[in-house]
Each structure stands twice: as C-alpha cells, then as structure tokens.
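**Q** Have a peek at target13.cif (mmCIF, C-alpha atoms and all ligand atoms).
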```cif
data_target
#
loop_
_atom_site.group_PDB
_atom_site.id
_atom_site.type_symbol
_atom_site.label_atom_id
_atom_site.label_comp_id
_atom_site.auth_asym_id
_atom_site.auth_seq_id
_atom_site.Cartn_x
_atom_site.Cartn_y
_atom_site.Cartn_z
ATOM 1 C CA MET X 1 -8.746 44.284 -10.017
ATOM 2 C CA SER X 2 -11.465 41.955 -11.243
ATOM 3 C CA MET X 3 -8.802 40.529 -13.559
ATOM 4 C CA ARG X 4 -6.565 39.706 -10.599
ATOM 5 C CA LEU X 5 -9.187 38.198 -8.341
ATOM 6 C CA PRO X 6 -9.358 34.733 -9.942
ATOM 7 C CA PHE X 7 -5.562 34.495 -9.743
ATOM 8 C CA PHE X 8 -5.610 35.490 -6.081
ATOM 9 C CA LYS X 9 -8.316 32.945 -5.353
ATOM 10 C CA ASN X 10 -6.390 30.261 -7.204
ATOM 11 C CA LYS X 11 -3.218 30.989 -5.302
ATOM 12 C CA GLN X 12 -5.091 30.888 -2.030
ATOM 13 C CA THR X 13 -6.614 27.547 -2.993
ATOM 14 C CA THR X 14 -3.194 26.220 -3.979
ATOM 15 C CA ASP X 15 -1.797 27.366 -0.618
ATOM 16 C CA ILE X 16 -4.546 25.507 1.223
ATOM 17 C CA ILE X 17 -3.927 22.357 -0.806
ATOM 18 C CA ASN X 18 -0.190 22.574 -0.108
ATOM 19 C CA LYS X 19 -0.813 23.149 3.581
ATOM 20 C CA VAL X 20 -3.113 20.152 3.805
ATOM 21 C CA LEU X 21 -0.615 18.014 1.944
ATOM 22 C CA ASP X 22 2.127 19.165 4.331
ATOM 23 C CA SER X 23 0.548 17.001 7.029
ATOM 24 C CA PRO X 24 -0.406 13.855 5.150
ATOM 25 C CA PRO X 25 -1.606 10.576 6.660
ATOM 26 C CA GLU X 26 1.354 8.710 8.159
ATOM 27 C CA HIS X 27 0.401 5.356 6.706
ATOM 28 C CA VAL X 28 -1.553 4.798 3.482
ATOM 29 C CA ALA X 29 -2.575 1.319 2.314
ATOM 30 C CA ILE X 30 -3.759 0.650 -1.240
ATOM 31 C CA ILE X 31 -5.607 -2.245 -2.881
ATOM 32 C CA MET X 32 -4.344 -1.870 -6.459
ATOM 33 C CA ASP X 33 -7.366 -3.300 -8.270
ATOM 34 C CA GLY X 34 -8.547 -3.222 -11.907
ATOM 35 C CA ASN X 35 -5.404 -4.083 -13.863
ATOM 36 C CA GLY X 36 -7.107 -6.960 -15.695
ATOM 37 C CA ARG X 37 -10.192 -4.886 -16.493
ATOM 38 C CA TRP X 38 -8.021 -2.003 -17.701
ATOM 39 C CA ALA X 39 -6.394 -4.387 -20.189
ATOM 40 C CA LYS X 40 -9.668 -6.022 -21.252
ATOM 41 C CA LYS X 41 -11.147 -2.595 -22.038
ATOM 42 C CA ARG X 42 -8.276 -2.130 -24.504
ATOM 43 C CA GLY X 43 -8.451 -5.631 -25.980
ATOM 44 C CA LEU X 44 -5.127 -6.525 -24.337
ATOM 45 C CA PRO X 45 -4.233 -9.633 -22.264
ATOM 46 C CA ARG X 46 -4.600 -9.256 -18.475
ATOM 47 C CA ILE X 47 -0.832 -9.353 -18.006
ATOM 48 C CA ALA X 48 -0.526 -6.122 -20.008
ATOM 49 C CA GLY X 49 -2.613 -4.480 -17.270
ATOM 50 C CA HIS X 50 -0.364 -5.840 -14.528
ATOM 51 C CA LYS X 51 2.710 -4.521 -16.310
ATOM 52 C CA GLU X 52 1.111 -1.111 -16.800
ATOM 53 C CA GLY X 53 0.245 -1.151 -13.081
ATOM 54 C CA ILE X 54 3.948 -0.869 -12.288
ATOM 55 C CA ASN X 55 3.974 2.680 -13.696
ATOM 56 C CA SER X 56 1.274 3.683 -11.222
ATOM 57 C CA VAL X 57 3.260 2.088 -8.383
ATOM 58 C CA ILE X 58 6.324 4.249 -9.021
ATOM 59 C CA LYS X 59 4.171 7.384 -9.531
ATOM 60 C CA ILE X 60 2.506 6.885 -6.157
ATOM 61 C CA VAL X 61 5.796 6.045 -4.433
ATOM 62 C CA ARG X 62 7.285 9.299 -5.756
ATOM 63 C CA SER X 63 4.251 11.224 -4.543
ATOM 64 C CA ALA X 64 4.394 9.533 -1.125
ATOM 65 C CA THR X 65 8.054 10.502 -0.695
ATOM 66 C CA LYS X 66 7.290 14.037 -1.873
ATOM 67 C CA HIS X 67 4.621 14.355 0.821
ATOM 68 C CA ASN X 68 6.878 12.834 3.503
ATOM 69 C CA MET X 69 4.618 9.890 4.184
ATOM 70 C CA GLU X 70 6.010 7.316 6.602
ATOM 71 C CA ILE X 71 4.503 4.093 5.282
ATOM 72 C CA LEU X 72 2.960 3.040 1.971
ATOM 73 C CA THR X 73 1.531 -0.491 1.987
ATOM 74 C CA LEU X 74 0.609 -1.879 -1.449
ATOM 75 C CA PHE X 75 -1.450 -5.053 -1.904
ATOM 76 C CA ALA X 76 0.393 -6.720 -4.802
ATOM 77 C CA PHE X 77 -0.624 -10.399 -4.491
ATOM 78 C CA SER X 78 -3.134 -12.076 -2.198
ATOM 79 C CA THR X 79 -3.228 -15.653 -0.928
ATOM 80 C CA GLU X 80 -6.382 -16.041 -3.080
ATOM 81 C CA ASN X 81 -4.532 -15.005 -6.268
ATOM 82 C CA TRP X 82 -2.982 -18.499 -6.548
ATOM 83 C CA ARG X 83 -6.300 -19.589 -8.099
ATOM 84 C CA ARG X 84 -5.483 -17.635 -11.263
ATOM 85 C CA PRO X 85 -4.072 -19.311 -14.407
ATOM 86 C CA THR X 86 -0.436 -20.444 -14.028
ATOM 87 C CA THR X 87 0.760 -18.203 -16.859
ATOM 88 C CA GLU X 88 -0.666 -15.133 -15.102
ATOM 89 C CA ILE X 89 0.868 -16.156 -11.754
ATOM 90 C CA ASP X 90 4.273 -16.752 -13.383
ATOM 91 C CA PHE X 91 4.086 -13.299 -14.935
ATOM 92 C CA LEU X 92 3.062 -11.623 -11.663
ATOM 93 C CA MET X 93 5.921 -13.325 -9.808
ATOM 94 C CA LYS X 94 8.409 -11.735 -12.207
ATOM 95 C CA LEU X 95 7.138 -8.223 -11.518
ATOM 96 C CA PRO X 96 8.977 -7.593 -8.220
ATOM 97 C CA LYS X 97 12.317 -8.273 -9.932
ATOM 98 C CA GLU X 98 11.344 -6.245 -12.986
ATOM 99 C CA PHE X 99 10.208 -3.316 -10.833
ATOM 100 C CA LEU X 100 13.338 -3.404 -8.686
ATOM 101 C CA HIS X 101 15.644 -3.770 -11.695
ATOM 102 C CA ILE X 102 14.332 -0.469 -13.028
ATOM 103 C CA TYR X 103 13.612 1.489 -9.847
ATOM 104 C CA LEU X 104 15.849 0.258 -7.005
ATOM 105 C CA PRO X 105 18.546 2.903 -7.677
ATOM 106 C CA GLU X 106 15.916 5.669 -7.549
ATOM 107 C CA LEU X 107 14.390 4.221 -4.374
ATOM 108 C CA ILE X 108 17.811 4.120 -2.723
ATOM 109 C CA GLU X 109 18.443 7.695 -3.823
ATOM 110 C CA LYS X 110 15.077 8.713 -2.310
ATOM 111 C CA ASN X 111 15.970 7.069 1.042
ATOM 112 C CA VAL X 112 13.115 4.518 0.706
ATOM 113 C CA ARG X 113 13.178 1.319 2.782
ATOM 114 C CA ILE X 114 11.621 -1.722 1.130
ATOM 115 C CA ASP X 115 9.854 -4.394 3.121
ATOM 116 C CA MET X 116 7.163 -6.993 2.572
ATOM 117 C CA ILE X 117 4.329 -8.548 4.535
ATOM 118 C CA GLY X 118 2.862 -11.947 3.760
ATOM 119 C CA ASP X 119 3.957 -15.560 3.581
ATOM 120 C CA SER X 120 7.221 -15.264 1.648
ATOM 121 C CA GLY X 121 7.896 -18.993 2.059
ATOM 122 C CA ALA X 122 5.524 -19.919 -0.769
ATOM 123 C CA LEU X 123 6.990 -17.466 -3.302
ATOM 124 C CA PRO X 124 9.272 -18.673 -6.118
ATOM 125 C CA ALA X 125 12.976 -18.468 -5.185
ATOM 126 C CA HIS X 126 13.726 -15.817 -7.857
ATOM 127 C CA THR X 127 10.975 -13.552 -6.452
ATOM 128 C CA LYS X 128 12.117 -14.028 -2.873
ATOM 129 C CA GLU X 129 15.746 -13.341 -3.803
ATOM 130 C CA ALA X 130 14.934 -10.113 -5.661
ATOM 131 C CA ILE X 131 12.958 -8.791 -2.692
ATOM 132 C CA GLN X 132 15.563 -9.965 -0.173
ATOM 133 C CA TYR X 133 18.264 -8.133 -2.140
ATOM 134 C CA ALA X 134 16.223 -4.905 -2.158
ATOM 135 C CA LYS X 135 15.408 -5.230 1.554
ATOM 136 C CA GLU X 136 19.087 -5.667 2.370
ATOM 137 C CA LYS X 137 20.155 -2.734 0.155
ATOM 138 C CA THR X 138 17.614 -0.381 1.753
ATOM 139 C CA LYS X 139 17.537 -1.623 5.350
ATOM 140 C CA ASP X 140 19.278 1.454 6.801
ATOM 141 C CA ASN X 141 17.132 3.988 4.924
ATOM 142 C CA ASP X 142 14.843 6.025 7.154
ATOM 143 C CA GLY X 143 12.585 7.733 4.618
ATOM 144 C CA LEU X 144 9.390 6.175 3.285
ATOM 145 C CA LEU X 145 8.758 2.537 4.237
ATOM 146 C CA LEU X 146 7.528 0.919 1.010
ATOM 147 C CA ASN X 147 5.740 -2.164 2.192
ATOM 148 C CA PHE X 148 4.557 -4.732 -0.372
ATOM 149 C CA ALA X 149 1.843 -7.189 0.663
ATOM 150 C CA LEU X 150 2.712 -10.318 -1.287
ATOM 151 C CA ASN X 151 1.063 -13.691 -0.772
ATOM 152 C CA TYR X 152 -0.737 -11.849 1.981
ATOM 153 C CA GLY X 153 -4.000 -12.947 3.614
ATOM 154 C CA SER X 154 -5.267 -11.324 6.777
ATOM 155 C CA ARG X 155 -7.037 -14.320 8.319
ATOM 156 C CA PHE X 156 -3.935 -16.446 7.783
ATOM 157 C CA GLU X 157 -1.849 -13.694 9.413
ATOM 158 C CA ILE X 158 -4.175 -13.594 12.431
ATOM 159 C CA MET X 159 -4.268 -17.412 12.689
ATOM 160 C CA GLN X 160 -0.490 -17.746 12.652
ATOM 161 C CA ALA X 161 -0.217 -14.924 15.218
ATOM 162 C CA MET X 162 -2.685 -16.790 17.430
ATOM 163 C CA LYS X 163 -0.720 -20.034 17.113
ATOM 164 C CA GLN X 164 2.499 -18.228 18.017
ATOM 165 C CA VAL X 165 0.805 -16.576 21.009
ATOM 166 C CA ILE X 166 -0.360 -19.994 22.261
ATOM 167 C CA HIS X 167 3.128 -21.376 21.728
ATOM 168 C CA ASP X 168 4.674 -18.493 23.709
ATOM 169 C CA ILE X 169 2.152 -18.967 26.517
ATOM 170 C CA GLU X 170 2.867 -22.713 26.647
ATOM 171 C CA CYS X 171 6.606 -22.110 26.930
ATOM 172 C CA SER X 172 6.069 -19.291 29.474
ATOM 173 C CA LYS X 173 7.423 -16.483 27.282
ATOM 174 C CA LEU X 174 4.012 -14.804 27.664
ATOM 175 C CA THR X 175 1.112 -14.940 30.130
ATOM 176 C CA VAL X 176 -2.608 -14.648 29.378
ATOM 177 C CA ASP X 177 -2.791 -11.640 31.715
ATOM 178 C CA THR X 178 -0.175 -9.616 29.819
ATOM 179 C CA LEU X 179 -1.711 -10.413 26.411
ATOM 180 C CA ASP X 180 -3.528 -7.318 25.114
ATOM 181 C CA GLU X 181 -4.125 -5.634 21.740
ATOM 182 C CA ALA X 182 -0.671 -4.026 21.672
ATOM 183 C CA VAL X 183 1.069 -7.326 22.481
ATOM 184 C CA PHE X 184 -1.026 -9.226 19.910
ATOM 185 C CA SER X 185 -0.129 -6.649 17.243
ATOM 186 C CA GLU X 186 3.508 -7.591 17.700
ATOM 187 C CA TYR X 187 2.709 -11.088 16.408
ATOM 188 C CA LEU X 188 1.394 -9.762 13.088
ATOM 189 C CA TYR X 189 3.472 -9.164 9.935
ATOM 190 C CA THR X 190 2.984 -5.437 10.542
ATOM 191 C CA LYS X 191 4.762 -5.476 13.908
ATOM 192 C CA GLY X 192 6.315 -2.128 14.693
ATOM 193 C CA MET X 193 4.242 -0.316 12.057
ATOM 194 C CA SER X 194 1.481 2.160 12.832
ATOM 195 C CA ASP X 195 -1.979 1.145 11.590
ATOM 196 C CA PRO X 196 -3.018 2.629 8.223
ATOM 197 C CA ASP X 197 -4.715 6.036 8.478
ATOM 198 C CA LEU X 198 -6.155 5.750 4.992
ATOM 199 C CA LEU X 199 -7.122 2.784 2.808
ATOM 200 C CA ILE X 200 -7.588 3.335 -0.915
ATOM 201 C CA ARG X 201 -9.171 0.765 -3.236
ATOM 202 C CA THR X 202 -9.310 1.391 -6.974
ATOM 203 C CA SER X 203 -11.580 0.001 -9.682
ATOM 204 C CA GLY X 204 -14.968 0.404 -8.023
ATOM 205 C CA GLU X 205 -14.929 -2.590 -5.670
ATOM 206 C CA GLN X 206 -15.816 -1.720 -2.092
ATOM 207 C CA ARG X 207 -14.633 -4.611 0.050
ATOM 208 C CA LEU X 208 -11.521 -5.566 2.003
ATOM 209 C CA SER X 209 -10.762 -8.904 0.313
ATOM 210 C CA ASN X 210 -8.935 -10.251 3.363
ATOM 211 C CA PHE X 211 -6.560 -7.253 3.569
ATOM 212 C CA LEU X 212 -5.302 -5.994 6.976
ATOM 213 C CA LEU X 213 -8.523 -6.870 8.858
ATOM 214 C CA TRP X 214 -6.993 -6.206 12.293
ATOM 215 C CA GLN X 215 -4.984 -3.137 11.271
ATOM 216 C CA LEU X 216 -7.858 -1.297 9.527
ATOM 217 C CA ALA X 217 -10.075 -1.115 12.640
ATOM 218 C CA TYR X 218 -10.043 2.722 12.753
ATOM 219 C CA THR X 219 -8.909 3.500 9.187
ATOM 220 C CA GLU X 220 -10.662 5.921 6.807
ATOM 221 C CA PHE X 221 -11.696 4.232 3.530
ATOM 222 C CA TRP X 222 -11.546 5.925 0.122
ATOM 223 C CA PHE X 223 -12.837 4.313 -3.068
ATOM 224 C CA THR X 224 -12.531 5.294 -6.721
ATOM 225 C CA ASP X 225 -13.846 3.762 -9.958
ATOM 226 C CA VAL X 226 -10.487 4.489 -11.634
ATOM 227 C CA PHE X 227 -8.555 1.358 -12.649
ATOM 228 C CA TRP X 228 -5.123 1.024 -11.020
ATOM 229 C CA PRO X 229 -3.128 1.630 -14.282
ATOM 230 C CA ASP X 230 -4.985 4.977 -14.622
ATOM 231 C CA PHE X 231 -4.377 5.971 -10.978
ATOM 232 C CA ASP X 232 -1.965 8.905 -10.798
ATOM 233 C CA GLU X 233 -0.628 11.591 -8.463
ATOM 234 C CA LYS X 234 -3.640 13.877 -9.065
ATOM 235 C CA ILE X 235 -6.147 11.244 -7.933
ATOM 236 C CA PHE X 236 -3.864 10.264 -5.052
ATOM 237 C CA GLU X 237 -3.758 13.879 -3.872
ATOM 238 C CA GLN X 238 -7.542 14.039 -4.134
ATOM 239 C CA ALA X 239 -7.724 11.062 -1.761
ATOM 240 C CA LEU X 240 -5.285 12.769 0.628
ATOM 241 C CA LEU X 241 -7.327 15.987 0.570
ATOM 242 C CA ASP X 242 -10.578 14.105 1.231
ATOM 243 C CA TYR X 243 -8.877 12.328 4.107
ATOM 244 C CA GLN X 244 -7.696 15.625 5.632
ATOM 245 C CA GLN X 245 -11.189 17.097 5.352
ATOM 246 C CA ARG X 246 -12.691 14.132 7.184
ATOM 247 C CA LYS X 247 -10.103 14.532 9.932
ATOM 248 C CA ARG X 248 -10.838 18.254 10.216
ATOM 249 C CA ARG X 249 -14.550 17.532 10.659
ATOM 250 C CA TYR X 250 -13.831 15.195 13.565
ATOM 251 C CA GLY X 251 -11.541 17.821 15.055
ATOM 252 C CA GLY X 252 -14.393 20.329 15.070
ATOM 253 C CA ILE X 253 -16.689 18.237 17.272
HETATM 254 C C1 LIG X 301 2.710 -6.200 -9.053
HETATM 255 C C2 LIG X 301 1.903 -4.290 -10.448
HETATM 256 C C3 LIG X 301 1.033 -3.308 -9.724
HETATM 257 C C4 LIG X 301 -0.421 -3.627 -9.840
HETATM 258 C C5 LIG X 301 -0.873 -4.774 -8.986
HETATM 259 C C6 LIG X 301 -0.601 -6.183 -9.492
HETATM 260 C C7 LIG X 301 0.599 -6.340 -10.359
HETATM 261 C C8 LIG X 301 5.243 -4.041 -7.890
HETATM 262 C C9 LIG X 301 5.594 -5.206 -7.236
HETATM 263 C C10 LIG X 301 6.703 -5.380 -6.297
HETATM 264 C C11 LIG X 301 6.611 -6.302 -5.261
HETATM 265 C C12 LIG X 301 7.664 -6.446 -4.350
HETATM 266 C C13 LIG X 301 8.770 -5.661 -4.467
HETATM 267 C C14 LIG X 301 8.883 -4.736 -5.475
HETATM 268 C C15 LIG X 301 7.837 -4.594 -6.392
HETATM 269 C C16 LIG X 301 4.651 -6.151 -7.647
HETATM 270 C C17 LIG X 301 3.514 -8.113 -7.826
HETATM 271 C C18 LIG X 301 2.604 -7.554 -8.686
HETATM 272 C C19 LIG X 301 3.364 -9.555 -7.461
HETATM 273 F F1 LIG X 301 9.781 -5.785 -3.584
HETATM 274 N N1 LIG X 301 4.167 -4.246 -8.637
HETATM 275 N N2 LIG X 301 3.788 -5.529 -8.504
HETATM 276 N N3 LIG X 301 4.522 -7.444 -7.296
HETATM 277 N N4 LIG X 301 1.807 -5.626 -9.908
#
```
Would you mind writing the file's structure down as structure tokens?
Ligand code: V07
**A**
Amino acid sequence: MSMRLPFFKNKQTTDIINKVLDSPPEHVAIIMDGNGRWAKKRGLPRIAGHKEGINSVIKIVRSATKHNMEILTLFAFSTENWRRPTTEIDFLMKLPKEFLHIYLPELIEKNVRIDMIGDSGALPAHTKEAIQYAKEKTKDNDGLLLNFALNYGSRFEIMQAMKQVIHDIECSKLTVDTLDEAVFSEYLYTKGMSDPDLLIRTSGEQRLSNFLLWQLAYTEFWFTDVFWPDFDEKIFEQALLDYQQRKRRYGGI
C-alpha cells in the first residue's frame, strides 16, 4: 500500500495538471528575449542565437495547438530593432522565410492561421512576400491564430490609430460621441482579437519594451530568467499553470 501511494499521488497530480491545461488562456503573448545572450554564453555570434530561437518558436506553437489556445502572439522584431547592425537585421529578415519553408506544411496540417501585426510596409520585399504567401495559404484555417509582431511598436500603433480616428471623424464616418474603448480597439493592428490573458517575457528582463501597451491593460505577466532558445514546452506549461492558479485565487474572492 505504501508502495502504491506515491504513484497514486503522482497520478492525481498529473490529472490536476491536465485539467488545468484543458482550460488554457485564450491568448498568450510572448516577448522572445535572450537569443543574443544565449549565443554569447556559448561563444557564438548573436545570429546563431536567433536561428536557435526558431526551434523554440515551433515547440511553443505545437504546445499551443495541443492545448487548444486561440491566439499566440510572438514579438519577433520591434521598431527599435532597426538600430542593430545591418548584418544582424539582414539575417533576422530572412528568418520568416526560413521558418515558413520548414514549418508551413505542418502549420497547415495543424489548422493554424498565420497573421502579423506591425508596419509591414518597411519590411524587405522578400520577407513581406514570404509572410503574405503563408497568410494566404492559411487564411481559412480556424485553429490557433499564430500572430507574429514584426516591425511592431505600440506607441506607433496607437498614434496611427489616433490619426485614422481623426480622419474618420473629419469625414463623418465616426462621431466623437460614439468613440469608446471598443471602437478605438478596432483601429489597432489587433482588431478583432481578444486582449492577451498572459504575457511571458524570457531572459530576465521585466519591462514591456513598447509591446501591446493598450492590449495588456488587464493581462497577467509571467517572467523567467531562461533565454528564449532554452524555453521549451515544460517551462511554457509552468507559466500556464501559474496563470491558472492566479485566476483561481481571484475566483475565490
Ligand atoms: C525570428 C526567431 C525567434 C526568436 C526571436 C528573434 C528571432 C520566427 C519568425 C517568423 C516571422 C513571421 C512569420 C513566420 C516566422 C521570425 C523574425 C525573427 C524577424 F510569418 N522567428 N523569427 N521572424 N526569430
């Protein structure tokens, strides 16, 4: 009997974990930080870290589909990242195509829809075309929405929304009286998407870095010291469990 007890306890624990993961957050957003530091630690060039980061992306996408998540938003390139050396930027801009070349068939098979938020106008044509192709190929899928933030900056997003709102008011498509939070949200890149329930940032930094400032108003934040290339399904599930426990505490009040 005493031999069986640990097994019983373990199974019970596993059941609880599975139950919690059956009702995951609808929308998870991730700041995939620490690729450069991961590489430096190994004496490798920064770009080796970015390339390795792709493996974590697909791992987390697979986990998100497994847990029936609705939206996964990944911060892949910020408007501030243009300040990096040209060679690094050129390398980063090839990653969408490289990722899609390998994984698009699997994403299609998994019913994933690919989208992006950010100012696509400033991206190189080859990057834009690769993403456009994937968006088109997956536009009718109704599983996970895999949303890449690329050349994304939240203040820019809010500014351009504000300009468009003013434009629509001036041409009488909108009135000041009908403008509210829900209407304003429709002017953001994330129109039609629910706000993130959970934000994860890797690599020990604890700031937003101009990511989804409007959308994260009520979001739970979860930080880890783990570098993005070392982030895996286990750590992701730990974040999901912590999130569920926070929610359950609120529910008890
Ligand atoms: C990038 C790899 C992950 C770590 C973070 C920085 C480097 C996947 C994409 C991507 C983007 C759009 C798309 C398909 C894939 C990507 C950039 C950087 C710029 F439709 N990873 N990844 N894009 N990194």
**Q** Go through the shown structure with the PyMOL selection byres (((chain X and resi 89) around 12) and not hetatm) and write out the matching residues as a list of chain:residue names.
**A**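 The output of the PyMOL selection byres (((chain X and resi 89) around 12) and not hetatm) on this file is X:Arg46, X:Ile47, X:His50, X:Ala76, X:Phe77, X:Ser78, X:Thr79, X:Glu80, X:Asn81, X:Trp82, X:Arg83, X:Arg84, X:Pro85, X:Thr86, X:Thr87, X:Glu88, X:Asp90, X:Phe91, X:Leu92, X:Met93, X:Lys94, X:Leu95, X:Leu123, X:Pro124, X:Thr127, X:Asn151.
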**Q** Find the distance between atom CA of X:Val61 and atom CA of X:Pro196 and write it in Å to one decimal.
**A**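 Computed distance, atom CA of X:Val61 to atom CA of X:Pro196, equals 15.8 Å.
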**Q** Identify which of the residues X:Met193, X:Met69, X:Ile102, X:Ile54 lies closest to X:Met116, counting only C-alpha atoms when measuring atom-to-atom distances.
**A**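 Going through X:Met193, X:Met69, X:Ile102, X:Ile54 one by one, the smallest distance to X:Met116 is for X:Met193.
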**Q** Evaluate the PyMOL selection byres (((not hetatm)) within 9 of (chain X and resi 301)) on the structure here and hand back the selected residues as JSON, numbers by chain.
**A** {"X": [31, 32, 33, 34, 35, 47, 49, 50, 51, 52, 53, 54, 55, 56, 57, 58, 74, 75, 76, 77, 78, 89, 91, 92, 93, 94, 95, 96, 97, 98, 99, 100, 103, 104, 114, 115, 116, 127, 128, 130, 131, 132, 133, 134, 135, 146, 147, 148, 149, 150, 151, 228, 229]}
**Q** Evaluate the PyMOL selection byres (((chain X and resi 213) around 10) and not hetatm) and record the selected residues as an mmCIF file with C-alpha atoms, in the coordinates of the input, following the chain and residue labels used in the document.
**A**
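expr-v6.cif was written with the following content:
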```cif
data_model
loop_
_atom_site.group_PDB
_atom_site.id
_atom_site.type_symbol
_atom_site.label_atom_id
_atom_site.label_comp_id
_atom_site.auth_asym_id
_atom_site.auth_seq_id
_atom_site.Cartn_x
_atom_site.Cartn_y
_atom_site.Cartn_z
ATOM 1 C CA GLY X 153 -4.000 -12.947 3.614
ATOM 2 C CA SER X 154 -5.267 -11.324 6.777
ATOM 3 C CA ARG X 155 -7.037 -14.320 8.319
ATOM 4 C CA GLU X 157 -1.849 -13.694 9.413
ATOM 5 C CA ILE X 158 -4.175 -13.594 12.431
ATOM 6 C CA LEU X 208 -11.521 -5.566 2.003
ATOM 7 C CA SER X 209 -10.762 -8.904 0.313
ATOM 8 C CA ASN X 210 -8.935 -10.251 3.363
ATOM 9 C CA PHE X 211 -6.560 -7.253 3.569
ATOM 10 C CA LEU X 212 -5.302 -5.994 6.976
ATOM 11 C CA TRP X 214 -6.993 -6.206 12.293
ATOM 12 C CA GLN X 215 -4.984 -3.137 11.271
ATOM 13 C CA LEU X 216 -7.858 -1.297 9.527
ATOM 14 C CA ALA X 217 -10.075 -1.115 12.640
#
```
**Q** For atom CA of X:Phe156 and atom CA of X:Ala182, determine how far apart the two atoms are, in Å to one decimal place.
**A** 18.9 Å
**Q** Counting all atoms listed in the file, figure out which residue out of X:Leu188, X:Ile60, X:Lys173, X:Arg246 gets nearest to X:Ile30.
**A** X:Ile60
**Q** Quick one: residues within 10 Å of stretch 237-244 of chain X, only C-alpha atoms counted, chain neighbours fewer than 2 positions away excluded, as a PyMOL selection string?
**A** chain X and resi 16-18+20-21+23-25+28+60+63-64+67+197-200+220-224+232-235+246-249
**Q** Tell me which of X:Val226, X:Val165, X:Leu145, X:Val112 sits closest to X:Thr190, counting only C-alpha atoms.
**A**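 Among the listed residues, X:Leu145 lies closest to X:Thr190.
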**Q** Any idea what the distance is between atom CA of X:Ile71 and atom CA of X:Glu26?
**A**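 About the pair atom CA of X:Ile71 and atom CA of X:Glu26: they are 6.3 Å apart.
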**Q** Quick one: everything within 7 Å of X:Arg113, counting all atoms listed in the file, minus sequence neighbours fewer than 3 positions away in the same chain. Send it as a list in words.
**A**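 That gives Thr138, Lys139, Asn141, Asp142, Gly143, Leu144, Leu145 and Leu146 of chain X.
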**Q** Go through X:Tyr152, X:Glu170, X:Pro45, X:Gln160 and flag the residue nearest X:Ala122, using only C-alpha atoms for the distances.
**A**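 Using only C-alpha atoms, X:Ala122 sits closest to X:Tyr152.
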**Q** Provide an axis-aligned box for all listed atoms of stretch 229-232 of chain X, padding each side by 8 Å; report its centre and its edge lengths in Å to one decimal, as AutoDock Vina command-line options.
**A**
```
--center_x -3.5 --center_y 5.3 --center_z -12.7 --size_x 19.0 --size_y 23.3 --size_z 19.8
```
**Q** Considering all atoms listed in the file, state which residue in the set X:Lys163, X:Ile117, X:Lys59, X:Ala39 is at the smallest distance from X:Phe231.
**A**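 Counting all atoms listed in the file, the residue closest to X:Phe231 is X:Lys59.
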**Q** Which residue gives the smallest distance to X:Ser185 among X:Gln164, X:Asn68, X:Thr202, X:Ser172, with all atoms listed in the file counted?
**A**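 Of X:Gln164, X:Asn68, X:Thr202, X:Ser172, the one nearest X:Ser185, counting all atoms listed in the file, is X:Gln164.
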**Q** Can you take the partial stretch 38-51 of chain X, add N, CA and C atoms, and return it as a tab-separated table (two decimals), keeping the file's coordinate frame?
**A**
```tsv
chain	number	residue	atom	x	y	z
X	38	TRP	N	-8.65	-3.07	-16.90
X	38	TRP	CA	-8.02	-2.00	-17.70
X	38	TRP	C	-7.55	-2.57	-19.04
X	39	ALA	N	-6.92	-3.75	-18.98
X	39	ALA	CA	-6.39	-4.39	-20.19
X	39	ALA	C	-7.54	-4.86	-21.10
X	40	LYS	N	-8.54	-5.48	-20.48
X	40	LYS	CA	-9.67	-6.02	-21.25
X	40	LYS	C	-10.35	-4.91	-22.05
X	41	LYS	N	-10.51	-3.76	-21.40
X	41	LYS	CA	-11.15	-2.60	-22.04
X	41	LYS	C	-10.41	-2.20	-23.32
X	42	ARG	N	-9.10	-2.49	-23.35
X	42	ARG	CA	-8.28	-2.13	-24.50
X	42	ARG	C	-8.01	-3.31	-25.43
X	43	GLY	N	-8.67	-4.44	-25.16
X	43	GLY	CA	-8.45	-5.63	-25.98
X	43	GLY	C	-7.07	-6.24	-25.78
X	44	LEU	N	-6.47	-6.00	-24.63
X	44	LEU	CA	-5.13	-6.52	-24.34
X	44	LEU	C	-5.23	-7.69	-23.35
X	45	PRO	N	-4.22	-8.57	-23.28
X	45	PRO	CA	-4.23	-9.63	-22.26
X	45	PRO	C	-4.09	-9.04	-20.86
X	46	ARG	N	-4.61	-9.76	-19.86
X	46	ARG	CA	-4.60	-9.26	-18.48
X	46	ARG	C	-3.20	-8.85	-18.02
X	47	ILE	N	-2.20	-9.63	-18.47
X	47	ILE	CA	-0.83	-9.35	-18.01
X	47	ILE	C	-0.34	-7.96	-18.45
X	48	ALA	N	-0.90	-7.48	-19.55
X	48	ALA	CA	-0.53	-6.12	-20.01
X	48	ALA	C	-0.98	-5.09	-18.98
X	49	GLY	N	-2.11	-5.37	-18.33
X	49	GLY	CA	-2.61	-4.48	-17.27
X	49	GLY	C	-1.72	-4.51	-16.05
X	50	HIS	N	-1.25	-5.72	-15.69
X	50	HIS	CA	-0.36	-5.84	-14.53
X	50	HIS	C	0.94	-5.07	-14.76
X	51	LYS	N	1.45	-5.21	-15.98
X	51	LYS	CA	2.71	-4.52	-16.31
X	51	LYS	C	2.53	-3.01	-16.26
```
